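Asker: Dropping in start_30.txt, with compact mmCIF, C-alpha atoms.
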```
# COMPACT_ATOMS: atom_id res chain seq x y z
CA MET A 1 50.13 -123.61 72.75
CA PHE A 2 46.74 -121.89 72.49
CA PHE A 3 44.86 -125.17 73.02
CA ILE A 4 47.10 -126.13 75.95
CA SER A 5 46.53 -122.77 77.68
CA LYS A 6 42.79 -123.07 76.93
CA ILE A 7 42.65 -126.52 78.52
CA GLN A 8 44.59 -125.26 81.56
CA PHE A 9 42.20 -122.31 81.90
CA LEU A 10 39.14 -124.58 81.75
CA SER A 11 40.71 -126.96 84.26
CA THR A 12 41.42 -124.10 86.67
CA THR A 13 37.90 -122.72 86.24
CA GLU A 14 36.33 -126.11 86.88
CA THR A 15 38.47 -126.52 90.00
CA PHE A 16 37.36 -123.18 91.44
CA LEU A 17 33.75 -123.85 90.48
CA PHE A 18 33.77 -127.23 92.22
CA TYR A 19 35.54 -125.75 95.25
CA GLY A 20 33.03 -122.90 95.43
CA TRP A 21 29.97 -125.15 95.42
CA TRP A 22 31.61 -127.53 97.90
CA GLN A 23 32.48 -124.69 100.26
CA PHE A 24 29.02 -123.13 99.99
CA ALA A 25 27.10 -126.37 100.65
CA THR A 26 29.38 -127.82 103.35
CA CYS A 27 29.76 -124.62 105.34
CA LEU A 28 26.07 -123.76 105.06
CA PHE A 29 25.18 -127.20 106.45
CA ALA A 30 27.71 -126.77 109.28
CA PHE A 31 26.33 -123.29 110.03
CA VAL A 32 22.75 -124.58 110.32
CA ALA A 33 23.83 -127.63 112.37
CA LEU A 34 25.78 -125.55 114.92
CA LEU A 35 22.88 -123.13 115.23
CA SER A 36 20.53 -126.08 115.78
CA ILE A 37 22.68 -127.36 118.65
CA TRP A 38 22.70 -123.88 120.13
CA TRP A 39 18.92 -123.51 119.69
CA HIS A 40 18.18 -126.71 121.63
CA ILE A 41 20.85 -126.41 124.35
CA GLY A 42 22.92 -123.23 124.28
CA LYS A 43 19.93 -120.92 124.17
CA ARG A 44 18.78 -122.21 127.55
CA GLN A 45 22.26 -121.68 128.95
CA LYS A 46 22.40 -118.16 127.43
CA ASP A 47 25.68 -119.17 125.82
CA PHE A 48 26.23 -117.31 122.54
CA GLY A 49 29.69 -118.68 121.79
CA GLN A 50 28.30 -121.22 119.34
CA VAL A 51 26.41 -118.47 117.52
CA TRP A 52 29.66 -116.60 116.83
CA LEU A 53 31.40 -119.81 115.70
CA ALA A 54 28.44 -120.60 113.42
CA LEU A 55 28.63 -117.10 111.92
CA SER A 56 32.35 -117.56 111.27
CA ILE A 57 31.56 -120.69 109.25
CA PHE A 58 28.73 -118.87 107.46
CA CYS A 59 31.37 -116.42 106.16
CA TRP A 60 33.03 -119.37 104.43
CA SER A 61 29.69 -120.34 102.90
CA ILE A 62 29.30 -116.86 101.42
CA SER A 63 32.90 -117.07 100.22
CA GLY A 64 31.94 -120.24 98.33
CA LEU A 65 29.22 -118.33 96.45
CA VAL A 66 31.79 -115.66 95.62
CA GLU A 67 34.05 -118.33 94.12
CA VAL A 68 31.15 -119.68 92.03
CA TYR A 69 30.22 -116.21 90.77
CA PHE A 70 33.72 -115.30 89.67
CA SER A 71 34.29 -118.72 88.11
CA ASN A 72 31.22 -118.13 85.93
CA ASN A 73 32.33 -114.55 85.15
CA PRO A 74 36.06 -114.82 84.36
CA ASN A 75 36.18 -111.37 82.73
CA ILE A 76 35.79 -109.53 86.05
CA SER A 77 39.07 -108.30 87.53
CA ASN A 78 40.66 -110.59 90.10
CA ILE A 79 41.17 -107.59 92.37
CA TYR A 80 37.51 -107.84 93.41
CA LEU A 81 37.70 -111.58 93.98
CA ASP A 82 40.80 -111.23 96.17
CA GLY A 83 39.21 -108.30 97.99
CA LEU A 84 36.00 -110.18 98.81
CA ARG A 85 38.02 -113.19 99.95
CA SER A 86 40.00 -110.95 102.30
CA VAL A 87 36.88 -109.20 103.65
CA LEU A 88 35.12 -112.50 104.39
CA SER A 89 38.30 -113.90 105.93
CA LEU A 90 38.48 -110.87 108.23
CA PHE A 91 34.88 -111.32 109.34
CA ASN A 92 35.52 -115.03 109.89
CA SER A 93 38.45 -114.22 112.20
CA LEU A 94 36.48 -111.51 114.00
CA PHE A 95 33.58 -113.85 114.78
CA ILE A 96 35.96 -116.50 116.12
CA LEU A 97 37.61 -113.95 118.42
CA LEU A 98 34.19 -112.75 119.62
CA ALA A 99 33.34 -116.36 120.54
CA LEU A 100 36.34 -116.78 122.86
CA PRO A 101 34.88 -114.97 125.94
CA TRP A 102 32.05 -117.54 125.95
CA PHE A 103 34.45 -120.48 126.32
CA ARG A 104 34.12 -122.01 129.79
CA TYR A 105 37.80 -122.91 130.12
CA LEU A 106 40.48 -120.36 129.22
CA PRO A 107 44.25 -120.28 129.90
CA ARG A 108 44.87 -118.37 133.10
CA PHE A 109 47.31 -115.92 131.54
CA LEU A 110 44.71 -115.00 128.89
CA GLU A 111 41.52 -115.24 130.92
CA GLN A 112 41.62 -111.71 132.32
CA LEU A 113 42.29 -110.26 128.86
CA ILE A 114 39.62 -112.28 127.01
CA LYS A 115 37.00 -111.84 129.74
CA SER A 116 37.60 -108.09 130.06
CA ARG A 117 34.95 -105.63 128.91
CA TYR A 118 37.49 -104.17 126.47
CA TRP A 119 37.85 -107.41 124.48
CA HIS A 120 35.49 -106.14 121.76
CA TRP A 121 37.74 -103.11 121.30
CA ILE A 122 40.92 -105.19 121.44
CA VAL A 123 39.77 -107.38 118.54
CA GLY A 124 37.58 -104.79 116.80
CA LEU A 125 40.16 -102.05 116.20
CA PRO A 126 42.68 -104.34 114.42
CA PHE A 127 39.74 -105.65 112.39
CA LEU A 128 38.89 -102.13 111.22
CA PHE A 129 42.53 -101.28 110.50
CA SER A 130 42.71 -104.44 108.36
CA LEU A 131 39.33 -103.98 106.68
CA LEU A 132 39.70 -100.38 105.50
CA PRO A 133 42.88 -100.91 103.39
CA THR A 134 41.26 -104.00 101.86
CA LEU A 135 38.16 -102.03 100.88
CA ASN A 136 40.43 -99.29 99.56
CA LYS A 137 42.15 -101.82 97.33
CA MET A 138 38.80 -102.94 95.91
CA VAL A 139 37.40 -99.44 95.35
CA LEU A 140 40.51 -98.00 93.74
CA GLY A 141 41.22 -101.15 91.79
CA ARG A 142 44.86 -101.23 92.83
CA ALA A 143 46.91 -102.69 95.65
CA ALA A 144 47.08 -100.78 98.90
CA ILE A 145 50.26 -100.48 100.94
CA ILE A 146 49.56 -103.78 102.70
CA ASN A 147 47.64 -106.33 100.64
CA GLU A 148 47.38 -109.27 103.01
CA LEU A 149 46.25 -107.79 106.30
CA ASP A 150 43.65 -110.55 106.60
CA VAL A 151 46.51 -113.05 106.82
CA TYR A 152 48.08 -111.30 109.81
CA TYR A 153 44.72 -110.93 111.51
CA ALA A 154 44.01 -114.62 110.88
CA VAL A 155 47.37 -115.62 112.36
CA LEU A 156 46.56 -113.62 115.51
CA THR A 157 43.17 -115.34 115.67
CA LEU A 158 44.67 -118.80 115.26
CA VAL A 159 47.17 -118.26 118.08
CA PHE A 160 44.36 -117.34 120.48
CA LEU A 161 42.07 -120.09 119.16
CA GLY A 162 44.77 -122.76 119.44
CA LEU A 163 45.51 -121.93 123.07
CA VAL A 164 41.81 -121.84 124.00
CA LEU A 165 40.98 -125.10 122.17
CA TRP A 166 43.87 -126.91 123.85
CA HIS A 167 42.75 -125.68 127.26
CA SER A 168 39.08 -126.50 126.61
CA PHE A 169 39.68 -130.08 125.49
CA SER A 170 42.35 -130.86 128.08
CA LYS A 171 40.17 -129.54 130.93
CA ARG A 172 37.40 -131.86 129.75
CA ARG A 173 39.90 -134.75 129.79
CA LEU A 174 39.77 -135.11 125.98
CA VAL A 175 43.51 -135.17 125.44
CA SER A 176 43.43 -136.74 121.96
CA LEU A 177 41.10 -133.99 120.75
CA ALA A 178 43.41 -131.40 122.32
CA TYR A 179 46.33 -132.69 120.23
CA LEU A 180 44.14 -132.92 117.12
CA SER A 181 43.09 -129.30 117.59
CA LEU A 182 46.77 -128.26 117.64
CA VAL A 183 47.39 -130.22 114.42
CA CYS A 184 44.37 -128.51 112.84
CA ILE A 185 45.58 -125.07 113.92
CA GLY A 186 49.03 -125.88 112.54
CA ILE A 187 47.59 -126.83 109.12
CA THR A 188 45.52 -123.64 109.10
CA LEU A 189 48.57 -121.52 109.95
CA LEU A 190 50.47 -123.10 107.05
CA ALA A 191 47.56 -122.30 104.73
CA GLN A 192 47.55 -118.67 105.86
CA ILE A 193 51.28 -118.34 105.32
CA TYR A 194 50.94 -120.08 101.94
CA LYS A 195 48.59 -117.28 100.86
CA LEU A 196 51.58 -115.01 100.58
CA THR A 197 53.09 -117.21 97.83
CA GLY A 198 50.26 -116.45 95.39
CA SER A 199 49.78 -120.07 94.25
CA THR A 200 46.04 -120.47 93.63
CA ILE A 201 45.51 -124.18 92.98
CA ASN A 202 47.57 -125.41 95.94
CA LEU A 203 46.02 -122.74 98.14
CA THR A 204 42.57 -124.01 97.18
CA LEU A 205 43.58 -127.50 98.28
CA PHE A 206 45.01 -126.14 101.53
CA SER A 207 41.82 -124.14 102.14
CA ALA A 208 39.59 -127.17 101.62
CA ILE A 209 41.69 -129.20 104.07
CA PHE A 210 41.92 -126.65 106.88
CA LYS A 211 38.27 -125.57 106.62
CA THR A 212 37.14 -129.19 106.85
CA CYS A 213 39.40 -129.74 109.86
CA LEU A 214 38.23 -126.59 111.63
CA ILE A 215 34.56 -127.45 111.06
CA MET A 216 35.12 -130.90 112.58
CA ILE A 217 36.97 -129.37 115.53
CA PHE A 218 34.10 -126.93 116.12
CA PHE A 219 31.63 -129.83 116.12
CA ALA A 220 33.87 -131.81 118.47
CA LEU A 221 33.96 -128.75 120.75
CA ALA A 222 30.16 -128.44 120.66
CA LEU A 223 29.69 -132.14 121.41
CA SER A 224 32.25 -132.05 124.24
CA TRP A 225 30.30 -129.13 125.70
CA VAL A 226 27.06 -131.11 125.44
CA LYS A 227 28.78 -134.15 127.00
CA GLU A 228 30.05 -132.03 129.89
CA LEU A 229 26.61 -130.55 130.47
CA SER A 230 25.02 -134.00 130.59
CA GLU A 231 27.67 -135.63 132.81
CA ASN A 232 28.48 -132.70 135.09
CA THR A 233 24.98 -131.49 135.76
CA ILE A 234 24.46 -131.56 139.51
CA PRO A 235 21.64 -133.99 140.38
CA VAL A 236 18.73 -132.92 142.56
CA ALA A 237 18.74 -134.01 146.21
CA ASN A 238 16.40 -136.98 145.68
CA GLU A 239 18.79 -138.48 143.08
CA ILE A 240 21.98 -138.22 145.14
CA THR A 241 23.20 -141.23 147.14
CA LEU A 242 26.02 -141.21 149.71
CA LEU A 243 28.22 -144.06 150.91
CA PHE A 244 30.83 -143.36 153.60
CA ASP A 245 33.87 -145.63 153.75
CA VAL A 246 37.05 -145.68 155.87
CA VAL A 247 40.00 -147.72 154.59
CA ARG A 248 42.65 -148.51 157.21
CA ASN A 249 46.10 -149.55 156.03
CA SER A 250 49.06 -150.29 158.22
CA ASP A 251 50.47 -146.77 158.10
CA LYS A 252 47.53 -144.52 157.12
CA VAL A 253 43.79 -144.12 157.09
CA GLU A 254 41.88 -143.10 153.94
CA ARG A 255 38.41 -141.59 154.18
CA TRP A 256 36.20 -141.84 151.09
CA VAL A 257 32.71 -140.73 150.15
CA SER A 258 31.06 -142.44 147.18
CA ILE A 259 28.51 -140.13 145.54
CA GLY A 260 25.89 -141.50 143.17
CA GLY A 261 23.28 -139.86 140.96
CA PHE A 262 25.57 -138.32 138.35
CA ARG A 263 25.18 -139.38 134.74
CA GLY A 264 27.89 -141.68 133.52
CA LYS A 265 29.37 -144.94 134.67
CA GLY A 266 29.06 -145.78 138.35
CA ASN A 267 29.41 -143.63 141.43
CA ARG A 268 32.13 -141.03 141.89
CA LYS A 269 34.53 -141.48 144.82
CA VAL A 270 35.97 -138.48 146.64
CA GLN A 271 38.72 -138.63 149.25
CA LEU A 272 38.37 -136.18 152.17
CA THR A 273 40.57 -135.07 155.03
CA GLY A 274 39.78 -136.29 158.52
CA ALA A 275 38.02 -133.07 159.60
CA GLN A 276 35.99 -132.82 156.38
CA PHE A 277 34.99 -136.48 156.56
CA GLU A 278 33.87 -136.13 160.18
CA LEU A 279 31.80 -133.03 159.35
CA PHE A 280 30.11 -134.67 156.36
CA ASN A 281 29.54 -137.86 158.35
CA GLN A 282 28.00 -135.76 161.14
CA PHE A 283 25.51 -134.31 158.66
CA ALA A 284 24.73 -137.80 157.32
CA GLU A 285 24.27 -139.42 160.75
CA LEU A 286 21.88 -136.70 161.89
CA ARG A 287 19.87 -136.90 158.66
CA LYS A 288 19.77 -140.70 158.86
CA ASN A 289 18.84 -141.02 162.52
CA GLU A 290 16.91 -137.79 163.20
CA PRO A 291 15.72 -136.43 159.82
CA GLU A 292 14.02 -133.31 161.19
CA GLU A 293 16.91 -132.10 163.37
CA TRP A 294 19.43 -129.40 162.48
CA LEU A 295 23.11 -128.68 163.01
CA GLU A 296 23.84 -125.23 164.38
CA ILE A 297 26.62 -122.93 163.16
CA ARG A 298 28.47 -120.73 165.64
CA PRO A 299 27.59 -117.04 165.03
CA LYS A 300 30.34 -114.53 164.39
CA ASN A 301 31.57 -112.71 167.52
CA ASN A 302 29.54 -115.10 169.68
CA PRO A 303 29.57 -113.79 173.25
CA SER A 304 28.52 -117.11 174.81
CA LYS A 305 31.51 -119.36 175.35
CA ASN A 306 29.60 -121.96 177.35
CA LYS A 307 27.27 -123.07 174.58
CA ARG A 308 28.53 -125.83 172.32
CA TYR A 309 27.90 -125.50 168.59
CA ASP A 310 27.92 -128.32 166.05
CA ILE A 311 29.86 -126.33 163.44
CA GLY A 312 32.47 -123.76 164.41
CA ASP A 313 32.36 -121.69 161.22
CA TYR A 314 30.48 -121.62 157.91
CA ASN A 315 33.87 -121.75 156.16
CA GLU A 316 34.08 -125.40 157.24
CA ILE A 317 31.11 -126.16 154.99
CA LYS A 318 32.63 -124.08 152.21
CA ARG A 319 35.91 -126.02 152.40
CA LEU A 320 33.95 -129.28 152.36
CA LEU A 321 32.13 -128.22 149.20
CA PHE A 322 35.43 -127.24 147.53
CA SER A 323 36.94 -130.65 148.33
CA LEU A 324 33.88 -132.46 147.01
CA LEU A 325 33.97 -130.46 143.76
CA ASP A 326 37.72 -131.04 143.32
CA GLY A 327 37.11 -134.77 143.73
CA LEU A 328 34.09 -134.85 141.44
CA PHE A 329 35.38 -132.74 138.56
CA GLY A 330 39.07 -132.09 139.18
CA ARG A 331 40.78 -129.06 140.66
CA GLY A 332 40.06 -125.98 138.56
CA ASN A 333 37.51 -127.79 136.39
CA TRP A 334 34.40 -126.41 138.08
CA THR A 335 32.75 -123.02 138.31
CA LYS A 336 30.69 -121.26 140.95
CA GLU A 337 27.56 -120.81 138.82
CA GLN A 338 27.47 -124.24 137.19
CA HIS A 339 28.79 -126.45 140.00
CA LEU A 340 29.30 -124.85 143.43
CA ASN A 341 25.91 -123.19 143.89
CA PRO A 342 23.86 -126.13 142.49
CA LEU A 343 25.80 -128.65 144.63
CA LYS A 344 25.28 -126.54 147.76
CA ASP A 345 21.54 -126.31 147.03
CA SER A 346 21.27 -130.07 146.39
CA LEU A 347 23.23 -131.13 149.47
CA PHE A 348 22.25 -128.66 152.16
CA GLU A 349 19.11 -127.04 153.46
CA LEU A 350 19.13 -123.87 155.58
CA SER A 351 16.53 -123.09 158.19
CA LYS A 352 13.84 -120.78 156.84
CA LYS A 353 13.96 -118.82 160.09
CA ARG A 354 17.59 -117.89 159.40
CA GLU A 355 18.74 -119.31 162.73
CA ARG A 356 22.14 -120.37 161.37
CA LYS A 357 20.86 -123.94 161.30
CA ILE A 358 21.65 -126.36 158.49
CA ARG A 359 21.09 -130.01 157.57
CA LEU A 360 21.42 -132.41 154.64
CA ARG A 361 18.67 -132.23 152.05
CA ILE A 362 19.30 -135.79 150.80
CA PRO A 363 16.59 -138.37 151.76
CA PRO A 364 17.66 -140.63 154.66
CA ASN A 365 17.15 -143.76 152.54
CA ASN A 366 19.84 -142.52 150.13
CA ILE A 367 22.50 -142.42 152.85
CA ASN A 368 24.61 -145.47 153.70
CA LEU A 369 26.86 -145.09 156.73
```
If you took the structure in this file and wrote it as structure tokens, what would it be?
Answerer:
Amino acid sequence: MFFISKIQFLSTTETFLFYGWWQFATCLFAFVALLSIWWHIGKRQKDFGQVWLALSIFCWSISGLVEVYFSNNPNISNIYLDGLRSVLSLFNSLFILLALPWFRYLPRFLEQLIKSRYWHWIVGLPFLFSLLPTLNKMVLGRAAIINELDVYYAVLTLVFLGLVLWHSFSKRRLVSLAYLSLVCIGITLLAQIYKLTGSTINLTLFSAIFKTCLIMIFFALALSWVKELSENTIPVANEITLLFDVVRNSDKVERWVSIGGFRGKGNRKVQLTGAQFELFNQFAELRKNEPEEWLEIRPKNNPSKNKRYDIGDYNEIKRLLFSLLDGLFGRGNWTKEQHLNPLKDSLFELSKKRERKIRLRIPPNNINL
């Protein structure tokens, strides 16, 4: 019996030692890789979401070193090992929650909460209430009233993360990745719940599986973000081409504008209403036939009723831009800073004299009527 228990002890130690080195090396590589992507792309965008996600993975790397240390020093009480695991798990969850406000696409019912200035307090106070009992358990060397607060905090984190990942991938039209993210979150939730059973070997296997899955999901998220930046970057005026087309069927007329210059396959076709098509076509005809001329917008509270203006209200241009963006990226899939303002600057040019005059900025040769 002594030899059997000795063999089982050595087998368990070797398992934890292997798992520790694997976790340290894999998560450290993932941490450096995510930071590298951020350094080359996210830093320019002033997007720190990837930094928080990288730090959350770095917590797992440190946790791997903890596993190695305790595997090589089996005489140290397990209370310290469990305590350090819980502390690093809490920091991992905190960093993930701090990354959520930087996500471009959030569920509408959560957006106001996550984007609020109180989000740091909302996630920080439960973190402290979970951390202090865990530290108390380690210092006193005995269990506190609640031993697995990191599990409950992790479950809260996974619920938020799952909803945000689904929304992020689906808004980028990556439906398969959206479903895979839900599967990954489900596996991770099972692993967190399994912690409460106290089974160490199976929990180690669960941990290796869900950490690998989450790392791959984070990389898929980073690459989808890079893909979106490359494909949805608004081209400059000289790169944009316009082709106006009217399709007449027996019972209806469809008005389309084909817009070229975006990265990806082919031009992007946008269907417009009659009024929006006529306005855009008016801009294009003037730019094509008389490149230096302007269209004039009616001033607010204009006293002169005899003068004819080309554009009745600036809101007409605004509605045209909204329709173009909905056709280019999908309704709700564009933002003011990244899409609306750049598209307006690429398409239209305002008179420097502020005379409420406007024209297309696109070169006449790029316009096909």
Asker: Each side padded by 4 Å, which centre and which edge lengths in Å (one decimal) define the axis-aligned box around the listed atoms of segment 147-154 of chain A? Give them as JSON.
Answerer:
```
{"center_x": 45.9, "center_y": -110.5, "center_z": 106.1, "size_x": 12.4, "size_y": 16.3, "size_z": 18.9}
```
Asker: Write out as a PyMOL selection string which residues come within 12 Å of Ser56 of chain A when counting all atoms listed in the file, dropping same-chain ones fewer than 4 positions away.
Answerer: chain A and resi 27-28+30-32+34-35+49-52+60-63+88-99+157+211+214-215+218
Asker: Tell me, in Å to one decimal, how far atom CA of Gly332 of chain A is from atom CA of Ile362 of chain A.
Answerer: 26.0 Å
Asker: For His120 of chain A, which residue out of A:Leu369, A:Leu100, A:Val139, A:Leu343 is the nearest one, using all atoms listed in the file?
Answerer: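 The shortest atom-to-atom distance to His120 of chain A comes from A:Leu100.
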Asker: Determine the nearest neighbour of Ala54 of chain A from the options A:Phe219, A:Trp121, A:Tyr153, A:Tyr194, counting only C-alpha atoms.
Answerer: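 Closest residue, counting only C-alpha atoms: A:Phe219.
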Asker: Find the residues around Glu293 of chain A up to 12 Å (only C-alpha atoms counted), leave out those fewer than 2 positions away in its own chain, and share them as JSON, numbers by chain.
Answerer: {"A": [282, 283, 284, 285, 286, 287, 288, 289, 290, 291, 295, 296, 310, 349, 350, 351, 357, 358, 359, 360, 361]}
Asker: Determine, counting only C-alpha atoms, which protein, DNA and RNA residues have an atom within 8 Å of an atom of Leu320 of chain A; residues of the same chain fewer than 4 positions away are not included. Present the result as a PyMOL selection string.
Answerer: chain A and resi 276+280+316+324
